[in-house]
file work-v7.cif (mmCIF, N, CA and C atoms and all ligand atoms)
data_query
loop_
_atom_site.label_atom_id
_atom_site.label_comp_id
_atom_site.auth_asym_id
_atom_site.auth_seq_id
_atom_site.Cartn_x
_atom_site.Cartn_y
_atom_site.Cartn_z
N VAL V 28 98.14 88.39 101.64
CA VAL V 28 97.18 88.23 102.76
C VAL V 28 95.79 88.65 102.28
N GLU V 29 94.81 87.85 102.62
CA GLU V 29 93.43 88.16 102.24
C GLU V 29 92.89 89.35 103.02
N ARG V 30 91.92 90.02 102.42
CA ARG V 30 91.31 91.16 103.11
C ARG V 30 89.93 90.78 103.63
N PRO V 31 89.56 91.36 104.78
CA PRO V 31 88.23 91.08 105.34
C PRO V 31 87.14 91.73 104.48
N ASN V 32 85.90 91.29 104.63
CA ASN V 32 84.82 91.93 103.89
C ASN V 32 84.49 93.31 104.48
N SER V 33 83.76 94.11 103.73
CA SER V 33 83.58 95.51 104.11
C SER V 33 82.74 95.66 105.38
N ASN V 34 81.81 94.72 105.57
CA ASN V 34 81.00 94.73 106.79
C ASN V 34 81.85 94.59 108.04
N ASP V 35 82.72 93.59 108.02
CA ASP V 35 83.60 93.34 109.16
C ASP V 35 84.59 94.49 109.34
N THR V 36 85.04 95.05 108.21
CA THR V 36 85.98 96.17 108.30
C THR V 36 85.32 97.37 108.98
N ALA V 37 84.06 97.62 108.64
CA ALA V 37 83.33 98.72 109.26
C ALA V 37 83.17 98.49 110.77
N LYS V 38 82.89 97.24 111.14
CA LYS V 38 82.77 96.89 112.57
C LYS V 38 84.08 97.15 113.30
N MET V 39 85.15 96.69 112.67
CA MET V 39 86.49 96.88 113.24
C MET V 39 86.81 98.36 113.38
N ALA V 40 86.50 99.14 112.35
CA ALA V 40 86.78 100.58 112.38
C ALA V 40 86.05 101.24 113.54
N ASP V 41 84.76 100.90 113.71
CA ASP V 41 83.97 101.45 114.81
C ASP V 41 84.60 101.11 116.15
N PHE V 42 85.09 99.88 116.25
CA PHE V 42 85.61 99.39 117.51
C PHE V 42 86.92 100.07 117.91
N VAL V 43 87.82 100.24 116.93
CA VAL V 43 89.16 100.73 117.28
C VAL V 43 89.31 102.25 117.20
N ASP V 44 88.50 102.91 116.39
CA ASP V 44 88.68 104.35 116.16
C ASP V 44 88.62 105.11 117.49
N GLY V 45 89.63 105.94 117.74
CA GLY V 45 89.67 106.72 118.98
C GLY V 45 90.18 105.94 120.17
N THR V 46 90.71 104.74 119.94
CA THR V 46 91.26 103.92 121.02
C THR V 46 92.69 103.53 120.66
N CYS V 47 93.37 102.82 121.58
CA CYS V 47 94.69 102.26 121.22
C CYS V 47 94.61 100.74 121.25
N LYS V 48 93.40 100.19 121.02
CA LYS V 48 93.24 98.73 121.03
C LYS V 48 94.03 98.10 119.89
N SER V 49 94.54 96.92 120.13
CA SER V 49 95.25 96.20 119.07
C SER V 49 94.24 95.47 118.19
N VAL V 50 94.68 95.14 116.97
CA VAL V 50 93.83 94.38 116.06
C VAL V 50 93.46 93.03 116.67
N VAL V 51 94.44 92.40 117.34
CA VAL V 51 94.18 91.11 117.97
C VAL V 51 93.08 91.22 119.02
N GLU V 52 93.18 92.26 119.84
CA GLU V 52 92.18 92.53 120.88
C GLU V 52 90.80 92.73 120.26
N ALA V 53 90.76 93.51 119.18
CA ALA V 53 89.49 93.81 118.52
C ALA V 53 88.90 92.55 117.90
N CYS V 54 89.75 91.73 117.29
CA CYS V 54 89.27 90.48 116.68
C CYS V 54 88.66 89.57 117.73
N GLU V 55 89.32 89.49 118.89
CA GLU V 55 88.79 88.65 119.97
C GLU V 55 87.45 89.18 120.45
N ALA V 56 87.35 90.48 120.61
CA ALA V 56 86.12 91.09 121.12
C ALA V 56 84.98 90.95 120.12
N LEU V 57 85.30 91.02 118.83
CA LEU V 57 84.26 91.03 117.80
C LEU V 57 84.06 89.66 117.16
N GLY V 58 84.89 88.70 117.54
CA GLY V 58 84.79 87.37 116.94
C GLY V 58 85.21 87.34 115.49
N LEU V 59 86.22 88.13 115.15
CA LEU V 59 86.70 88.20 113.77
C LEU V 59 88.05 87.49 113.63
N ASP V 60 88.41 87.21 112.39
CA ASP V 60 89.63 86.47 112.08
C ASP V 60 90.84 87.40 112.10
N GLU V 61 91.86 87.03 112.87
CA GLU V 61 93.07 87.87 112.96
C GLU V 61 93.94 87.78 111.72
N GLY V 62 93.69 86.79 110.88
CA GLY V 62 94.58 86.50 109.76
C GLY V 62 94.48 87.47 108.60
N PHE V 63 93.49 88.35 108.62
CA PHE V 63 93.33 89.29 107.51
C PHE V 63 94.28 90.47 107.62
N ASP V 64 94.42 91.19 106.51
CA ASP V 64 95.23 92.41 106.52
C ASP V 64 94.35 93.58 106.96
N TRP V 65 94.14 93.66 108.26
CA TRP V 65 93.21 94.66 108.80
C TRP V 65 93.72 96.08 108.62
N ASP V 66 95.02 96.29 108.83
CA ASP V 66 95.57 97.65 108.72
C ASP V 66 95.26 98.24 107.35
N ASP V 67 95.44 97.42 106.32
CA ASP V 67 95.21 97.87 104.96
C ASP V 67 93.72 98.13 104.72
N ALA V 68 92.88 97.24 105.23
CA ALA V 68 91.43 97.39 105.05
C ALA V 68 90.93 98.63 105.79
N LEU V 69 91.46 98.86 106.99
CA LEU V 69 91.03 100.03 107.78
C LEU V 69 91.47 101.33 107.12
N LEU V 70 92.62 101.27 106.47
CA LEU V 70 93.11 102.46 105.77
C LEU V 70 92.12 102.90 104.69
N ASP V 71 91.46 101.94 104.05
CA ASP V 71 90.43 102.26 103.05
C ASP V 71 89.28 103.06 103.66
N LEU V 72 89.05 102.87 104.97
CA LEU V 72 88.00 103.62 105.66
C LEU V 72 88.60 104.84 106.37
N ASN V 73 89.85 105.16 106.01
CA ASN V 73 90.55 106.30 106.59
C ASN V 73 90.71 106.19 108.10
N VAL V 74 90.88 104.98 108.57
CA VAL V 74 91.19 104.76 109.99
C VAL V 74 92.62 104.24 110.05
N GLU V 75 93.45 104.97 110.79
CA GLU V 75 94.89 104.73 110.71
C GLU V 75 95.51 104.94 112.08
N ARG V 76 96.59 104.20 112.37
CA ARG V 76 97.29 104.32 113.64
C ARG V 76 98.32 105.43 113.60
N CYS V 77 98.44 106.18 114.68
CA CYS V 77 99.57 107.08 114.85
C CYS V 77 100.83 106.21 114.95
N SER V 78 101.88 106.56 114.23
CA SER V 78 103.08 105.72 114.18
C SER V 78 103.84 105.72 115.49
N TYR V 79 103.53 106.65 116.39
CA TYR V 79 104.27 106.73 117.64
C TYR V 79 103.47 106.19 118.83
N CYS V 80 102.26 106.69 119.04
CA CYS V 80 101.51 106.30 120.24
C CYS V 80 100.56 105.13 120.00
N ASP V 81 100.37 104.75 118.72
CA ASP V 81 99.54 103.59 118.36
C ASP V 81 98.05 103.79 118.59
N TRP V 82 97.61 105.02 118.83
CA TRP V 82 96.17 105.26 118.85
C TRP V 82 95.65 105.32 117.43
N TRP V 83 94.39 104.90 117.25
CA TRP V 83 93.74 104.95 115.94
C TRP V 83 93.04 106.29 115.75
N TYR V 84 93.23 106.86 114.59
CA TYR V 84 92.61 108.15 114.27
C TYR V 84 92.02 108.09 112.87
N ASP V 85 91.14 109.05 112.55
CA ASP V 85 90.80 109.29 111.16
C ASP V 85 92.08 109.79 110.49
N SER V 86 92.33 109.30 109.29
CA SER V 86 93.58 109.63 108.60
C SER V 86 93.83 111.13 108.52
N CYS V 87 92.75 111.91 108.39
CA CYS V 87 92.90 113.35 108.23
C CYS V 87 93.46 114.01 109.50
N MET V 88 93.43 113.28 110.63
CA MET V 88 93.94 113.83 111.89
C MET V 88 95.45 113.65 112.02
N LEU V 89 96.02 112.83 111.15
CA LEU V 89 97.44 112.52 111.26
C LEU V 89 98.26 113.34 110.27
N THR V 90 99.47 113.66 110.66
CA THR V 90 100.37 114.45 109.82
C THR V 90 101.60 113.63 109.49
N GLU V 91 101.96 113.61 108.22
CA GLU V 91 103.15 112.86 107.82
C GLU V 91 104.40 113.63 108.20
N VAL V 92 105.35 112.93 108.83
CA VAL V 92 106.64 113.52 109.16
C VAL V 92 107.71 112.63 108.52
N PRO V 93 108.15 113.01 107.32
CA PRO V 93 109.08 112.14 106.58
C PRO V 93 110.36 111.83 107.36
N GLN V 94 110.89 112.82 108.09
CA GLN V 94 112.16 112.56 108.80
C GLN V 94 111.96 111.59 109.96
N LYS V 95 110.71 111.37 110.39
CA LYS V 95 110.46 110.35 111.41
C LYS V 95 109.77 109.13 110.82
N ASN V 96 109.61 109.16 109.50
CA ASN V 96 109.15 107.99 108.77
C ASN V 96 107.79 107.48 109.26
N GLY V 97 106.81 108.39 109.33
CA GLY V 97 105.49 107.94 109.74
C GLY V 97 104.47 109.05 109.75
N PHE V 98 103.26 108.69 110.24
CA PHE V 98 102.14 109.62 110.37
C PHE V 98 101.81 109.75 111.85
N PHE V 99 101.66 110.98 112.33
CA PHE V 99 101.55 111.19 113.76
C PHE V 99 100.37 112.08 114.14
N CYS V 100 99.83 111.84 115.35
CA CYS V 100 98.73 112.65 115.85
C CYS V 100 99.28 113.96 116.43
N ASP V 101 98.36 114.89 116.71
CA ASP V 101 98.77 116.21 117.20
C ASP V 101 99.55 116.13 118.51
N GLN V 102 99.12 115.21 119.42
CA GLN V 102 99.80 115.11 120.71
C GLN V 102 101.25 114.69 120.52
N CYS V 103 101.47 113.74 119.62
CA CYS V 103 102.84 113.27 119.40
C CYS V 103 103.66 114.34 118.70
N LEU V 104 103.06 115.06 117.76
CA LEU V 104 103.77 116.17 117.12
C LEU V 104 104.23 117.17 118.16
N ALA V 105 103.35 117.49 119.10
CA ALA V 105 103.68 118.43 120.16
C ALA V 105 104.83 117.89 121.01
N GLU V 106 104.79 116.59 121.28
CA GLU V 106 105.85 115.97 122.06
C GLU V 106 107.20 116.04 121.34
N PHE V 107 107.15 115.90 120.01
CA PHE V 107 108.38 116.00 119.21
C PHE V 107 108.82 117.45 119.05
N GLY V 108 107.94 118.40 119.41
CA GLY V 108 108.25 119.80 119.18
C GLY V 108 108.11 120.19 117.72
N ILE V 109 107.24 119.47 116.99
CA ILE V 109 107.01 119.77 115.57
C ILE V 109 105.73 120.60 115.43
N GLU V 110 105.83 121.71 114.73
CA GLU V 110 104.67 122.56 114.49
C GLU V 110 103.95 122.09 113.24
N LYS V 111 102.62 122.05 113.30
CA LYS V 111 101.86 121.77 112.09
C LYS V 111 101.84 123.00 111.19
N ASP V 112 101.74 122.76 109.87
CA ASP V 112 101.67 123.89 108.93
C ASP V 112 100.39 124.68 109.17
ZN ZN V 201 100.29 109.80 118.52
#
call {"tool": "encode", "arguments": {"input": "work-v7.cif", "output": "structure tokens"}}
result
Amino acid sequence: VERPNSNDTAKMADFVDGTCKSVVEACEALGLDEGFDWDDALLDLNVERCSYCDWWYDSCMLTEVPQKNGFFCDQCLAEFGIEKD
């Protein structure tokens, strides 16, 4: 899958960061192509989805939980009863 250019990726990151908007929703709002690998491109800008609640966060806000096979925000960790180190 092709990757979007860095300009569009930055626009997308601004749009979704701190929200639970879908990539499709963001593409429609911004007039961007849904066919790109946005998740991968956004990860380069350290913008990443919580694996449970689907909100977008800065990667540094998420904690990897190997036994749940993903990266999760503080609220979801609390819901799982998992303490951060
Ligand atoms: Zn979460």
call {"tool": "closest_residue", "arguments": {"input": "work-v7.cif", "among": "V:Ser86, V:Asn96, V:Thr46, V:Gln102", "to": "ligand ZN 201 (chain V)", "atoms": "only C-alpha atoms and all ligand atoms"}}
result
V:Gln102
call {"tool": "closest_residue", "arguments": {"input": "work-v7.cif", "among": "V:Asp85, V:Glu61, V:Glu29, V:Glu106", "to": "V:Asp44", "atoms": "only C-alpha atoms"}}
result
V:Asp85
call {"tool": "select_by_dssp", "arguments": {"input": "work-v7.cif", "residues": "chain V", "states": "alpha helix (DSSP H)", "output": "NGL selection string"}}
result
:V and (33-43 or 50-57 or 65-71 or 101-107)
call {"tool": "residues_near_ligand", "arguments": {"input": "work-v7.cif", "ligand": "ligand ZN 201 (chain V)", "cutoff": "6 Å", "atoms": "only C-alpha atoms and all ligand atoms", "output": "JSON, numbers by chain"}}
result
{"V": [77, 79, 80, 99, 100, 102, 103]}
call {"tool": "closest_residue", "arguments": {"input": "work-v7.cif", "among": "V:Phe98, V:Phe42, V:Phe63, V:Phe107", "to": "V:Glu75", "atoms": "only C-alpha atoms"}}
result
V:Phe98
call {"tool": "atom_distance", "arguments": {"input": "work-v7.cif", "atom1": "atom CA of V:Gly45", "atom2": "atom CA of V:Trp82"}}
result
6.7 Å
call {"tool": "closest_residue", "arguments": {"input": "work-v7.cif", "among": "V:Asp64, V:Glu52, V:Asp81, V:Asp112", "to": "V:Arg30", "atoms": "only N, CA and C atoms"}}
result
V:Asp64
call {"tool": "atom_distance", "arguments": {"input": "work-v7.cif", "atom1": "atom CA of V:Asp66", "atom2": "atom CA of V:Pro93"}}
result
19.9 Å
call {"tool": "closest_residue", "arguments": {"input": "work-v7.cif", "among": "V:Trp83, V:Val51, V:Thr36, V:Asp41", "to": "V:Leu69", "atoms": "only C-alpha atoms"}}
result
V:Thr36
call {"tool": "residues_near_point", "arguments": {"input": "work-v7.cif", "point": "(85.4, 98.5, 111.1)", "cutoff": "12 Å", "atoms": "only C-alpha atoms", "output": "ChimeraX atom specification"}}
result
/V:31-44,50,53-54,57,59,65-75,83
call {"tool": "atom_distance", "arguments": {"input": "work-v7.cif", "atom1": "atom CA of V:Tyr84", "atom2": "atom CA of V:Lys48"}}
result
11.6 Å
call {"tool": "closest_residue", "arguments": {"input": "work-v7.cif", "among": "V:Asp101, V:Val28, V:Arg76, V:Asp60", "to": "V:Cys47", "atoms": "only C-alpha atoms"}}
result
V:Arg76
call {"tool": "select_by_dssp", "arguments": {"input": "work-v7.cif", "residues": "stretch 42-109 of chain V", "states": "strand (DSSP E)", "output": "count of residues only"}}
result
12
call {"tool": "residues_around", "arguments": {"input": "work-v7.cif", "residues": "V:Val92", "least_positions_apart": "5", "cutoff": "10 Å", "atoms": "only C-alpha atoms", "output": "MDAnalysis selection string"}}
result
chainID V and resid 78 97:99 104 109 111
call {"tool": "axis_aligned_box", "arguments": {"input": "work-v7.cif", "around": "stretch 50-60 of chain V", "padding_each_side": "3 Å", "output": "JSON"}}
result
{"center_x": 89.4, "center_y": 90.8, "center_z": 116.6, "size_x": 16.6, "size_y": 14.7, "size_z": 15.0}
call {"tool": "decode", "arguments": {"input": "work-v7.cif", "residues": "stretch 66-86 of chain V", "atoms": "N, CA and C atoms", "output": "mmCIF file, in the first residue's frame"}}
result
data_model
loop_
_atom_site.group_PDB
_atom_site.id
_atom_site.type_symbol
_atom_site.label_atom_id
_atom_site.label_comp_id
_atom_site.auth_asym_id
_atom_site.auth_seq_id
_atom_site.Cartn_x
_atom_site.Cartn_y
_atom_site.Cartn_z
ATOM 1 N N ASP V 66 -2.391 4.524 8.961
ATOM 2 C CA ASP V 66 -1.960 4.113 10.300
ATOM 3 C C ASP V 66 -0.438 4.100 10.392
ATOM 4 N N ASP V 67 0.191 3.564 9.354
ATOM 5 C CA ASP V 67 1.641 3.463 9.329
ATOM 6 C C ASP V 67 2.275 4.849 9.233
ATOM 7 N N ALA V 68 1.702 5.699 8.388
ATOM 8 C CA ALA V 68 2.238 7.052 8.213
ATOM 9 C C ALA V 68 2.091 7.861 9.504
ATOM 10 N N LEU V 69 0.947 7.704 10.175
ATOM 11 C CA LEU V 69 0.705 8.441 11.429
ATOM 12 C C LEU V 69 1.652 7.976 12.528
ATOM 13 N N LEU V 70 1.970 6.694 12.494
ATOM 14 C CA LEU V 70 2.891 6.154 13.492
ATOM 15 C C LEU V 70 4.256 6.853 13.403
ATOM 16 N N ASP V 71 4.664 7.220 12.188
ATOM 17 C CA ASP V 71 5.918 7.962 12.002
ATOM 18 C C ASP V 71 5.881 9.307 12.725
ATOM 19 N N LEU V 72 4.676 9.866 12.892
ATOM 20 C CA LEU V 72 4.525 11.135 13.611
ATOM 21 C C LEU V 72 4.150 10.879 15.073
ATOM 22 N N ASN V 73 4.301 9.613 15.493
ATOM 23 C CA ASN V 73 3.993 9.221 16.865
ATOM 24 C C ASN V 73 2.541 9.463 17.239
ATOM 25 N N VAL V 74 1.665 9.302 16.274
ATOM 26 C CA VAL V 74 0.226 9.368 16.545
ATOM 27 C C VAL V 74 -0.327 7.965 16.333
ATOM 28 N N GLU V 75 -0.940 7.445 17.384
ATOM 29 C CA GLU V 75 -1.269 6.022 17.406
ATOM 30 C C GLU V 75 -2.600 5.814 18.123
ATOM 31 N N ARG V 76 -3.349 4.784 17.712
ATOM 32 C CA ARG V 76 -4.630 4.473 18.331
ATOM 33 C C ARG V 76 -4.449 3.585 19.550
ATOM 34 N N CYS V 77 -5.218 3.844 20.589
ATOM 35 C CA CYS V 77 -5.325 2.894 21.691
ATOM 36 C C CYS V 77 -5.994 1.636 21.134
ATOM 37 N N SER V 78 -5.446 0.467 21.447
ATOM 38 C CA SER V 78 -5.953 -0.777 20.863
ATOM 39 C C SER V 78 -7.329 -1.155 21.391
ATOM 40 N N TYR V 79 -7.767 -0.514 22.472
ATOM 41 C CA TYR V 79 -9.054 -0.879 23.049
ATOM 42 C C TYR V 79 -10.148 0.151 22.750
ATOM 43 N N CYS V 80 -9.899 1.415 23.058
ATOM 44 C CA CYS V 80 -10.959 2.418 22.918
ATOM 45 C C CYS V 80 -10.913 3.143 21.574
ATOM 46 N N ASP V 81 -9.828 2.942 20.797
ATOM 47 C CA ASP V 81 -9.699 3.524 19.458
ATOM 48 C C ASP V 81 -9.506 5.033 19.440
ATOM 49 N N TRP V 82 -9.218 5.645 20.583
ATOM 50 C CA TRP V 82 -8.839 7.056 20.552
ATOM 51 C C TRP V 82 -7.395 7.175 20.087
ATOM 52 N N TRP V 83 -7.095 8.289 19.413
ATOM 53 C CA TRP V 83 -5.734 8.563 18.950
ATOM 54 C C TRP V 83 -4.953 9.309 20.021
ATOM 55 N N TYR V 84 -3.743 8.878 20.243
ATOM 56 C CA TYR V 84 -2.882 9.507 21.245
ATOM 57 C C TYR V 84 -1.485 9.694 20.670
ATOM 58 N N ASP V 85 -0.679 10.548 21.317
ATOM 59 C CA ASP V 85 0.753 10.515 21.069
ATOM 60 C C ASP V 85 1.247 9.164 21.570
ATOM 61 N N SER V 86 2.125 8.545 20.797
ATOM 62 C CA SER V 86 2.589 7.193 21.134
ATOM 63 C C SER V 86 3.102 7.094 22.565
#
